[in-house]
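Next comes coords25.cif, a file with mmCIF, C-alpha atoms and all ligand atoms.
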data_query
#
loop_
_atom_site.label_atom_id
_atom_site.label_comp_id
_atom_site.auth_asym_id
_atom_site.auth_seq_id
_atom_site.Cartn_x
_atom_site.Cartn_y
_atom_site.Cartn_z
CA MET A 812 -2.99 7.61 51.81
CA GLU A 813 -1.40 11.01 51.46
CA ARG A 814 -2.05 13.04 54.59
CA PHE A 815 -3.86 16.35 54.42
CA LEU A 816 -5.16 17.14 57.90
CA LEU A 817 -1.89 16.04 59.48
CA LYS A 818 0.36 17.09 56.59
CA ASN A 819 3.69 18.43 57.94
CA ILE A 820 2.22 18.14 61.45
CA ASP A 821 5.61 17.25 62.93
CA ARG A 822 7.16 20.54 61.81
CA SER A 823 7.60 22.75 64.84
CA ASP A 824 7.17 25.92 62.73
CA LEU A 825 3.86 25.02 61.03
CA THR A 826 1.98 27.38 63.39
CA ASP A 827 3.73 30.24 61.59
CA MET A 828 1.75 31.57 58.66
CA ASP A 829 4.75 31.79 56.31
CA GLU A 830 5.55 28.11 56.82
CA TYR A 831 1.91 27.17 56.29
CA ILE A 832 1.84 29.17 53.06
CA LYS A 833 5.16 27.64 51.95
CA PHE A 834 3.46 24.23 51.91
CA GLY A 835 0.45 25.39 49.90
CA GLY A 836 -1.60 26.95 52.68
CA TYR A 837 -4.13 29.70 51.95
CA SER A 838 -4.24 28.72 48.26
CA ALA A 839 -7.68 27.13 48.67
CA ILE A 840 -9.12 30.37 49.96
CA LEU A 841 -7.88 32.27 46.91
CA LYS A 842 -9.60 29.66 44.74
CA ALA A 843 -12.77 29.83 46.86
CA LEU A 844 -12.95 33.63 46.62
CA GLU A 845 -13.25 33.24 42.84
CA MET A 846 -16.30 31.02 43.34
CA LYS A 847 -19.85 32.05 44.23
CA PRO A 848 -20.86 31.20 47.83
CA SER A 849 -23.62 28.90 46.54
CA ASP A 850 -21.07 27.04 44.34
CA ILE A 851 -18.91 26.36 47.41
CA ILE A 852 -21.93 24.94 49.24
CA ASP A 853 -22.70 22.75 46.20
CA GLU A 854 -19.08 21.59 46.10
CA VAL A 855 -19.20 20.61 49.78
CA LYS A 856 -22.52 18.83 49.21
CA ARG A 857 -21.10 16.87 46.27
CA SER A 858 -17.99 15.95 48.25
CA GLY A 859 -20.17 13.92 50.64
CA LEU A 860 -18.49 15.43 53.72
CA ARG A 861 -20.26 14.54 56.96
CA GLY A 862 -19.68 16.36 60.23
CA ARG A 863 -16.77 14.91 62.17
CA GLY A 864 -18.10 15.82 65.62
CA GLY A 865 -19.96 12.55 66.10
CA ALA A 866 -23.44 12.91 64.61
CA GLY A 867 -22.25 12.63 61.00
CA PHE A 868 -24.81 15.06 59.52
CA PRO A 869 -24.07 16.04 55.88
CA THR A 870 -22.15 19.33 56.11
CA GLY A 871 -23.27 20.86 52.81
CA MET A 872 -26.92 20.27 53.68
CA LYS A 873 -26.46 21.92 57.09
CA TRP A 874 -24.84 24.90 55.41
CA SER A 875 -27.64 25.21 52.86
CA PHE A 876 -30.26 25.48 55.65
CA ALA A 877 -28.44 28.43 57.24
CA ALA A 878 -27.65 30.03 53.88
CA ALA A 879 -31.32 29.88 52.86
CA ASP A 880 -32.47 31.69 56.03
CA PRO A 881 -32.84 35.41 55.22
CA LYS A 882 -32.03 36.57 58.78
CA LYS A 883 -28.73 38.42 59.23
CA PRO A 884 -26.06 38.43 60.49
CA LYS A 885 -25.18 34.75 60.24
CA TYR A 886 -22.60 33.10 62.44
CA LEU A 887 -20.13 30.27 62.06
CA ILE A 888 -18.98 28.51 65.22
CA CYS A 889 -16.18 26.01 65.39
CA ASN A 890 -16.84 23.41 68.06
CA ALA A 891 -13.40 22.90 69.60
CA ASP A 892 -14.80 21.67 72.91
CA GLU A 893 -13.18 18.27 72.70
CA GLY A 894 -14.16 16.77 76.05
CA GLU A 895 -15.16 13.12 75.54
CA PRO A 896 -12.82 10.65 77.26
CA GLY A 897 -10.54 9.09 74.66
CA THR A 898 -11.07 11.92 72.17
CA PHE A 899 -8.06 14.06 71.30
CA LYS A 900 -8.18 14.03 67.49
CA ASP A 901 -8.64 17.80 67.09
CA LYS A 902 -5.77 18.71 69.38
CA PRO A 903 -3.01 18.32 66.73
CA ILE A 904 -4.86 20.71 64.40
CA LEU A 905 -5.51 23.24 67.16
CA GLU A 906 -2.00 23.20 68.56
CA LYS A 907 0.14 22.40 65.52
CA ASN A 908 -1.76 23.44 62.38
CA PRO A 909 -4.04 26.37 63.40
CA HIS A 910 -3.95 28.04 59.98
CA LEU A 911 -5.62 25.00 58.40
CA LEU A 912 -8.62 25.55 60.69
CA ILE A 913 -8.57 29.31 60.12
CA GLU A 914 -8.45 28.84 56.34
CA GLY A 915 -11.32 26.35 56.54
CA MET A 916 -13.35 28.80 58.62
CA ILE A 917 -12.78 31.73 56.26
CA ILE A 918 -13.93 29.65 53.27
CA SER A 919 -16.92 28.33 55.24
CA GLY A 920 -17.81 31.82 56.47
CA TYR A 921 -17.72 33.12 52.91
CA ALA A 922 -19.91 30.24 51.68
CA LEU A 923 -22.47 30.94 54.41
CA GLN A 924 -22.19 34.71 54.04
CA ALA A 925 -21.36 34.80 57.74
CA GLU A 926 -19.28 37.77 58.81
CA TYR A 927 -18.44 36.50 62.29
CA GLY A 928 -16.86 33.29 63.45
CA TYR A 929 -16.07 31.90 66.89
CA ILE A 930 -13.82 29.08 67.94
CA TYR A 931 -15.38 27.66 71.11
CA LEU A 932 -12.33 26.10 72.67
CA ARG A 933 -12.16 23.43 75.34
CA GLY A 934 -11.24 24.97 78.70
CA GLU A 935 -8.54 22.35 79.19
CA TYR A 936 -6.65 23.43 76.04
CA PRO A 937 -4.94 26.67 77.21
CA LYS A 938 -1.93 26.10 74.95
CA ALA A 939 -4.19 25.98 71.90
CA LYS A 940 -5.76 29.32 72.87
CA ASP A 941 -2.43 31.14 72.69
CA ILE A 942 -1.49 29.41 69.42
CA LEU A 943 -4.85 30.14 67.77
CA GLU A 944 -4.87 33.78 68.85
CA LYS A 945 -1.37 34.32 67.50
CA ALA A 946 -2.32 32.66 64.20
CA ILE A 947 -5.52 34.72 63.94
CA LYS A 948 -3.51 37.91 64.47
CA GLN A 949 -1.16 36.89 61.64
CA ALA A 950 -4.13 36.23 59.36
CA TYR A 951 -5.57 39.68 60.15
CA ASN A 952 -2.21 41.33 59.45
CA ARG A 953 -1.97 39.60 56.07
CA GLY A 954 -5.51 40.49 54.96
CA TYR A 955 -7.04 37.02 55.21
CA LEU A 956 -9.31 38.09 58.07
CA GLY A 957 -11.19 41.35 58.63
CA ASP A 958 -13.00 43.53 56.11
CA ASN A 959 -12.57 43.30 52.34
CA ILE A 960 -10.52 40.10 52.38
CA HIS A 961 -8.03 40.21 49.53
CA GLY A 962 -9.74 43.23 48.02
CA LYS A 963 -13.09 41.44 47.69
CA GLU A 964 -16.31 42.51 49.33
CA VAL A 965 -15.93 39.72 51.82
CA ASN A 966 -15.76 40.33 55.56
CA PHE A 967 -14.97 37.71 58.17
CA HIS A 968 -13.95 38.29 61.77
CA LEU A 969 -12.76 35.46 63.96
CA TYR A 970 -12.55 35.16 67.75
CA VAL A 971 -11.50 32.48 70.23
CA HIS A 972 -13.78 31.82 73.21
CA GLN A 973 -12.48 29.52 75.89
CA GLY A 974 -15.06 27.41 77.70
CA ALA A 975 -14.89 26.64 81.41
CA GLY A 976 -14.31 22.93 80.93
CA ALA A 977 -17.86 21.54 80.84
CA TYR A 978 -18.37 18.46 78.65
CA ILE A 979 -21.99 19.37 77.93
CA CYS A 980 -20.87 22.55 76.16
CA GLY A 981 -19.78 20.32 73.28
CA GLU A 982 -23.51 19.89 72.57
CA GLU A 983 -24.28 22.65 70.07
CA THR A 984 -27.23 24.32 71.82
CA ALA A 985 -25.41 24.29 75.20
CA LEU A 986 -22.33 25.65 73.44
CA ILE A 987 -24.35 28.54 72.01
CA GLU A 988 -25.93 29.26 75.42
CA SER A 989 -22.46 29.35 76.96
CA LEU A 990 -21.15 31.62 74.18
CA GLU A 991 -24.02 34.00 74.90
CA GLY A 992 -22.83 34.18 78.50
CA LYS A 993 -25.56 31.97 79.91
CA ARG A 994 -25.41 28.71 81.82
CA GLY A 995 -24.23 25.99 79.41
CA GLN A 996 -27.32 23.77 79.21
CA PRO A 997 -28.90 22.18 76.10
CA LYS A 998 -32.04 23.67 74.58
CA ILE A 999 -34.90 21.85 72.93
CA LYS A 1000 -34.70 21.41 69.13
CA PRO A 1001 -36.38 22.59 66.90
CA PRO A 1002 -35.72 25.42 66.33
CA PHE A 1003 -32.31 24.30 65.14
CA PRO A 1004 -29.28 26.58 65.38
CA VAL A 1005 -29.14 26.85 61.57
CA ASN A 1006 -32.26 29.02 61.90
CA GLU A 1007 -32.15 30.25 65.50
CA GLY A 1008 -28.69 29.90 66.90
CA PHE A 1009 -26.26 32.40 68.37
CA LEU A 1010 -28.19 35.56 69.36
CA SER A 1011 -31.22 33.93 67.65
CA LYS A 1012 -29.60 34.26 64.23
CA PRO A 1013 -28.75 31.51 61.67
CA THR A 1014 -25.70 29.72 63.01
CA VAL A 1015 -23.67 26.81 61.73
CA VAL A 1016 -21.77 24.84 64.34
CA ASN A 1017 -19.09 22.57 62.85
CA ASN A 1018 -16.38 20.51 64.46
CA VAL A 1019 -12.66 21.41 64.06
CA GLU A 1020 -11.96 18.41 61.83
CA THR A 1021 -14.98 19.15 59.62
CA LEU A 1022 -13.82 22.72 58.98
CA ALA A 1023 -10.23 21.56 58.43
CA ASN A 1024 -11.50 19.37 55.56
CA ILE A 1025 -12.91 22.35 53.63
CA PRO A 1026 -9.61 23.63 52.11
CA TYR A 1027 -8.92 20.08 50.90
CA ILE A 1028 -12.31 19.83 49.17
CA ILE A 1029 -11.72 23.17 47.44
CA GLU A 1030 -8.14 22.19 46.56
CA ILE A 1031 -8.80 18.80 44.97
CA GLY A 1032 -12.49 19.23 44.06
CA ALA A 1033 -15.57 17.37 45.23
CA GLU A 1034 -15.19 14.52 42.77
CA ALA A 1035 -11.66 13.56 43.82
CA TYR A 1036 -12.56 14.02 47.50
CA SER A 1037 -15.62 11.77 47.23
CA LYS A 1038 -13.39 8.91 46.04
CA ILE A 1039 -11.41 8.85 49.32
CA GLY A 1040 -12.60 6.36 51.93
CA SER A 1041 -16.00 4.72 51.94
CA PRO A 1042 -18.65 5.65 49.33
CA GLU A 1043 -21.33 6.76 51.84
CA CYS A 1044 -18.90 8.65 54.09
CA PRO A 1045 -15.97 9.86 52.02
CA GLY A 1046 -12.85 11.71 53.02
CA PRO A 1047 -9.97 11.35 55.43
CA LYS A 1048 -10.73 10.70 59.11
CA LEU A 1049 -8.75 11.38 62.24
CA PHE A 1050 -8.73 8.53 64.75
CA SER A 1051 -7.41 9.10 68.27
CA VAL A 1052 -6.28 5.76 69.62
CA SER A 1053 -5.62 5.14 73.32
CA GLY A 1054 -5.40 2.23 75.72
CA ASN A 1055 -3.42 -0.97 75.43
CA VAL A 1056 -1.90 -0.55 71.96
CA LYS A 1057 1.80 -0.36 71.22
CA ASN A 1058 1.62 3.02 69.46
CA PRO A 1059 -1.27 5.17 70.68
CA GLY A 1060 -1.82 8.53 69.00
CA VAL A 1061 -3.77 10.37 66.31
CA TYR A 1062 -3.92 8.76 62.87
CA GLU A 1063 -5.24 10.20 59.62
CA LEU A 1064 -6.70 7.35 57.57
CA PRO A 1065 -9.41 6.98 54.94
CA MET A 1066 -12.92 6.86 56.36
CA GLY A 1067 -13.98 3.22 56.48
CA THR A 1068 -10.63 1.82 57.62
CA THR A 1069 -11.36 -1.22 59.76
CA LEU A 1070 -10.72 -1.34 63.50
CA ARG A 1071 -8.44 -4.33 62.90
CA GLU A 1072 -6.25 -2.28 60.54
CA ILE A 1073 -6.14 0.65 62.94
CA ILE A 1074 -5.17 -1.51 65.91
CA TYR A 1075 -2.86 -4.07 64.31
CA THR A 1076 -1.35 -2.24 61.32
CA HIS A 1077 -1.14 1.40 62.35
CA CYS A 1078 -0.89 1.08 66.14
CA GLY A 1079 1.40 -1.97 66.07
CA GLY A 1080 -1.00 -4.33 67.86
CA ILE A 1081 -1.72 -4.92 71.54
CA ARG A 1082 0.91 -3.83 74.04
CA ASP A 1083 3.09 -6.72 75.35
CA ASP A 1084 1.39 -8.91 72.71
CA LYS A 1085 -1.51 -9.62 75.03
CA LYS A 1086 -4.96 -10.67 73.85
CA LEU A 1087 -7.53 -8.08 72.81
CA LYS A 1088 -10.53 -8.07 75.14
CA ALA A 1089 -12.67 -5.13 73.99
CA VAL A 1090 -12.76 -1.92 71.96
CA ILE A 1091 -14.74 1.26 72.42
CA PRO A 1092 -14.68 2.59 68.85
CA GLY A 1093 -15.87 6.19 69.00
CA GLY A 1094 -15.44 7.75 72.43
CA ILE A 1095 -16.77 6.63 75.80
CA SER A 1096 -20.45 7.12 74.88
CA THR A 1097 -20.35 4.62 71.98
CA PRO A 1098 -21.21 0.94 72.66
CA ILE A 1099 -18.28 -1.34 73.48
CA LEU A 1100 -17.38 -4.07 70.98
CA THR A 1101 -16.04 -7.60 71.39
CA PRO A 1102 -12.92 -8.71 69.41
CA ASP A 1103 -15.00 -10.57 66.81
CA LYS A 1104 -16.36 -7.20 65.59
CA ILE A 1105 -13.06 -5.52 64.72
CA ASP A 1106 -13.42 -6.07 60.98
CA CYS A 1107 -16.07 -3.37 60.92
CA PRO A 1108 -15.30 -0.42 58.62
CA MET A 1109 -15.11 2.72 60.71
CA ASP A 1110 -17.71 5.04 59.22
CA PHE A 1111 -21.12 6.45 60.10
CA VAL A 1112 -23.04 3.87 58.04
CA ASN A 1113 -21.24 0.61 58.80
CA MET A 1114 -20.60 0.97 62.54
CA PRO A 1115 -24.30 0.73 63.52
CA LYS A 1116 -24.48 -2.58 61.60
CA TYR A 1117 -21.88 -3.93 64.04
CA GLY A 1118 -23.73 -2.61 67.09
CA SER A 1119 -21.84 0.58 67.77
CA MET A 1120 -21.18 4.05 66.34
CA LEU A 1121 -18.31 5.93 64.78
CA GLY A 1122 -18.81 8.84 67.19
CA SER A 1123 -15.73 11.03 67.23
CA GLY A 1124 -13.45 8.20 66.06
CA ALA A 1125 -11.84 7.86 69.49
CA VAL A 1126 -10.73 4.24 69.66
CA MET A 1127 -10.12 2.90 73.19
CA VAL A 1128 -8.47 -0.51 73.29
CA PHE A 1129 -8.57 -2.88 76.27
CA ASP A 1130 -6.45 -6.00 76.64
CA GLU A 1131 -7.22 -9.22 78.53
CA THR A 1132 -5.98 -7.82 81.87
CA VAL A 1133 -8.49 -4.98 82.06
CA ASP A 1134 -11.40 -5.10 84.51
CA LEU A 1135 -14.27 -3.84 82.38
CA ALA A 1136 -16.68 -3.45 85.29
CA LYS A 1137 -14.28 -0.88 86.73
CA ILE A 1138 -14.01 0.84 83.34
CA CYS A 1139 -17.81 1.04 83.32
CA LEU A 1140 -17.73 2.54 86.82
CA ARG A 1141 -15.12 5.08 85.75
CA ALA A 1142 -17.27 6.08 82.75
CA MET A 1143 -20.28 6.54 85.03
CA LYS A 1144 -18.28 8.79 87.38
CA PHE A 1145 -17.48 10.91 84.35
CA PHE A 1146 -21.10 11.14 83.18
CA GLU A 1147 -22.34 11.87 86.71
CA HIS A 1148 -19.80 14.67 87.08
CA GLU A 1149 -20.69 16.17 83.68
CA SER A 1150 -24.50 15.92 83.90
CA CYS A 1151 -25.81 19.49 83.74
CA GLY A 1152 -28.71 18.61 86.05
CA LYS A 1153 -31.48 19.90 83.79
CA CYS A 1154 -33.48 16.66 83.63
CA THR A 1155 -34.23 14.19 86.40
CA PRO A 1156 -33.50 10.82 84.71
CA CYS A 1157 -29.96 11.97 83.90
CA ARG A 1158 -29.29 13.93 87.09
CA GLU A 1159 -30.56 11.24 89.47
CA GLY A 1160 -30.27 8.09 87.35
CA ILE A 1161 -26.60 8.30 86.46
CA GLY A 1162 -25.63 8.83 90.10
CA TRP A 1163 -27.74 5.79 90.99
CA MET A 1164 -26.00 3.65 88.34
CA ARG A 1165 -22.62 4.88 89.60
CA ALA A 1166 -23.55 3.89 93.18
CA ILE A 1167 -24.60 0.38 92.10
CA LEU A 1168 -21.42 -0.05 90.06
CA GLU A 1169 -19.34 1.18 93.00
CA ARG A 1170 -21.01 -1.41 95.21
CA ILE A 1171 -20.37 -4.15 92.65
CA CYS A 1172 -16.73 -3.21 92.05
CA SER A 1173 -15.93 -2.91 95.75
CA GLY A 1174 -17.08 -6.49 96.34
CA SER A 1175 -20.36 -5.56 98.07
CA GLY A 1176 -22.59 -6.30 95.10
CA MET A 1177 -25.87 -8.10 95.72
CA ALA A 1178 -27.96 -10.54 93.72
CA GLY A 1179 -30.20 -8.50 91.46
CA ASP A 1180 -27.76 -5.57 91.12
CA ILE A 1181 -27.18 -6.24 87.41
CA GLU A 1182 -30.92 -6.36 86.74
CA LEU A 1183 -31.32 -3.14 88.73
CA LEU A 1184 -28.61 -1.47 86.65
CA ILE A 1185 -30.38 -2.49 83.44
CA GLU A 1186 -33.70 -1.27 84.81
CA VAL A 1187 -32.30 2.14 85.79
CA SER A 1188 -30.53 2.49 82.43
CA LYS A 1189 -33.83 1.80 80.62
CA ASN A 1190 -35.44 4.60 82.58
CA ILE A 1191 -32.75 7.00 81.39
CA ALA A 1192 -32.40 5.98 77.71
CA GLY A 1193 -34.71 7.98 75.48
CA LYS A 1194 -36.08 9.99 78.42
CA THR A 1195 -33.52 12.74 78.66
CA PHE A 1196 -33.19 16.15 77.11
CA CYS A 1197 -29.85 15.61 75.37
CA PRO A 1198 -27.62 12.67 74.36
CA LEU A 1199 -25.54 12.71 77.55
CA GLY A 1200 -28.16 10.69 79.44
CA ASP A 1201 -28.53 8.27 76.53
CA GLY A 1202 -24.76 7.92 76.34
CA ALA A 1203 -24.51 6.88 79.99
CA ALA A 1204 -27.37 4.38 79.59
CA VAL A 1205 -25.82 2.90 76.45
CA VAL A 1206 -22.48 2.42 78.19
CA VAL A 1207 -24.05 0.42 81.02
CA GLN A 1208 -26.25 -1.62 78.67
CA SER A 1209 -23.49 -2.43 76.18
CA PHE A 1210 -20.98 -3.38 78.89
CA ILE A 1211 -23.51 -5.71 80.53
CA ASN A 1212 -24.73 -7.16 77.22
CA ASN A 1213 -21.21 -7.98 76.07
CA PHE A 1214 -19.35 -8.61 79.33
CA ARG A 1215 -21.99 -9.58 81.89
CA GLN A 1216 -19.70 -12.23 83.35
CA GLU A 1217 -17.28 -9.55 84.56
CA PHE A 1218 -20.01 -7.99 86.71
CA GLU A 1219 -21.23 -11.39 87.93
CA GLN A 1220 -17.73 -12.39 88.98
CA HIS A 1221 -17.44 -9.25 91.12
CA ILE A 1222 -20.76 -10.00 92.78
CA SER A 1223 -19.85 -13.64 93.40
CA LYS A 1224 -16.41 -12.43 94.59
CA GLU A 1225 -14.67 -14.87 92.26
CA PHE A 1226 -13.03 -12.15 90.26
CA SER A 1227 -9.44 -12.90 89.31
CA LYS A 1228 -6.95 -10.98 91.42
CA GLU A 1229 -4.80 -10.58 88.32
CA ILE A 1230 -7.30 -8.42 86.49
CA LYS A 1231 -6.72 -4.73 87.03
CA VAL A 1232 -7.93 -1.39 85.70
CA ALA A 1233 -6.01 -0.13 82.68
CA ALA A 1234 -3.76 2.87 83.25
S1 LIG B 1 -29.45 14.64 79.67
FE1 LIG B 1 -28.15 15.29 81.37
S2 LIG B 1 -26.71 16.70 80.48
FE2 LIG B 1 -28.41 16.50 79.02
S3 LIG B 1 -29.83 18.13 79.54
FE3 LIG B 1 -30.46 16.36 80.73
S4 LIG B 1 -29.39 16.62 82.71
FE4 LIG B 1 -28.38 17.95 81.22
#
If you took the structure in this file and wrote it as structure tokens, what would it be?
Amino acid sequence: MERFLLKNIDRSDLTDMDEYIKFGGYSAILKALEMKPSDIIDEVKRSGLRGRGGAGFPTGMKWSFAAADPKKPKYLICNADEGEPGTFKDKPILEKNPHLLIEGMIISGYALQAEYGYIYLRGEYPKAKDILEKAIKQAYNRGYLGDNIHGKEVNFHLYVHQGAGAYICGEETALIESLEGKRGQPKIKPPFPVNEGFLSKPTVVNNVETLANIPYIIEIGAEAYSKIGSPECPGPKLFSVSGNVKNPGVYELPMGTTLREIIYTHCGGIRDDKKLKAVIPGGISTPILTPDKIDCPMDFVNMPKYGSMLGSGAVMVFDETVDLAKICLRAMKFFEHESCGKCTPCREGIGWMRAILERICSGSGMAGDIELLIEVSKNIAGKTFCPLGDGAAVVVQSFINNFRQEFEQHISKEFSKEIKVAA
């Protein structure tokens, strides 16, 4: 497949606006400015684009909700708070191709009739902040940002806001709270941000990759775009692959590419030609899969049929030497650290699961610990305010469901000395 999101990504000068334009950049916006905002929304709807942040909600539909709300001003926020372990798919766009995101945001802002846009950037991406701000300044100087863009009555102003490094601020309501200067904690929905978002005004929050797809849809048209990848979830998809593969990295492939193809064709197979033991397909909060499930097409519709989710498309690969009970413990330490503390099942329950897992992994596990873990996880799942609590519960349940023996071996102290935690 011809690359679009990662086109020319290895060029060191692609962050410069002239280079970006030399390779066709900013042509989609000129085409979009000749269209009516409602036609752009229809085009995005017909393209079948679904949000690339993890939830997979149809982008055009989300836009139409905000566009239909009469309240003004409207806001567009780019969620660049990429904080899930294993997820680094947006980083190449942010650091190496910032004008693609900016172009996508200008077109999206015009479609929504939003005059202000924010890029809410992960606190741990300081390099991207400098790159984005420099690129935004170039776009202002060349009349692509600001008032009366290219002589049209179109205004769009864009700002970068760097978060403090809290995972929960990737959740859209917490992100908006943080952007308003408040404590970054999720809010109850409804009302949804498309009607009451930033400063209580209609706000669309889209992921970096989602917005970077917009120029492509305008460039090739919805019909051609909808033929890429799988029918229900068309378009290109970025997969960030880490763990025990020969060639980890970010890959742009058609949506619906199978895990087997990603691991064995694009990433060169398992490092040192060892056996595959498990795969987490979409970031640490998506259920772990056994090797017999790797023929699943990676998209929002097919992954649930195989017992997991596409999530952010962050594929984590574990070979036969990895101690999965310790991976589960490591995940729980992450969730415990990132819990915002708003609701009791998450705040107290995840720490409890971490303590049990620590006991098991240190060789002090007791009979009944696995059942206790399952019990605690059931009292978290579905009882928390936001998906972080559910994510932690799902991790524990899916690891135990698929790899219970690993936990039992720790408890019975028969665990192989050769098995170690992956680097
Ligand atoms: S589930 Fe956890 S992170 Fe989400 S609101 Fe509750 S305490 Fe905060």
Item to check | Surrounding residues as a PyMOL selection string, ligand LIG 1 (chain B), max 12 Å, all atoms listed in the file | outcome: chain A and resi 977-985+994-1000+1145-1162+1191-1204
Checklist entry - Could you name the residues that touch A:Tyr1075 at 12 Å or less, counting only C-alpha atoms, but leaving out those on the same chain fewer than 6 positions away, as a PyMOL selection string? => result chain A and resi 1052+1055-1059+1068-1069+1081-1082+1084+1086-1087+1105-1106+1128
Item to check | Best match for closeness to A:Ile904 among A:Ile960, A:Val1019, A:Leu860, A:Ile930, counting only C-alpha atoms | outcome: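 Closest to A:Ile904 of all the choices is A:Val1019.
With only C-alpha atoms as the atoms that count, the residue of A:Ile1185, A:Leu956, A:Leu1022, A:Leu1100 with the shortest distance to A:Lys1116 is A:Leu1100.
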Item to check | Within 9 Å of A:Lys1012 using all atoms listed in the file, minus same-chain residues under 5 positions, as a PyMOL selection string | outcome: chain A and resi 882-886+1004-1007
Taking C-alpha atoms for each residue, export the selection above as an mmCIF file, keeping the file's coordinate frame.
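Here's the written file part-v4.cif:
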data_model
loop_
_atom_site.group_PDB
_atom_site.id
_atom_site.type_symbol
_atom_site.label_atom_id
_atom_site.label_comp_id
_atom_site.auth_asym_id
_atom_site.auth_seq_id
_atom_site.Cartn_x
_atom_site.Cartn_y
_atom_site.Cartn_z
ATOM 1 C CA LYS A 882 -32.030 36.570 58.780
ATOM 2 C CA LYS A 883 -28.730 38.420 59.230
ATOM 3 C CA PRO A 884 -26.060 38.430 60.490
ATOM 4 C CA LYS A 885 -25.180 34.750 60.240
ATOM 5 C CA TYR A 886 -22.600 33.100 62.440
ATOM 6 C CA PRO A 1004 -29.280 26.580 65.380
ATOM 7 C CA VAL A 1005 -29.140 26.850 61.570
ATOM 8 C CA ASN A 1006 -32.260 29.020 61.900
ATOM 9 C CA GLU A 1007 -32.150 30.250 65.500
#
Next on the checklist: I want to know what sits within 12 Å of A:Tyr951, based on only C-alpha atoms, with residues of the same chain fewer than 4 positions away left out; could you give that as a PyMOL selection string?
Outcome noted: chain A and resi 828+910+913-914+917+944-947+955-961+966-970
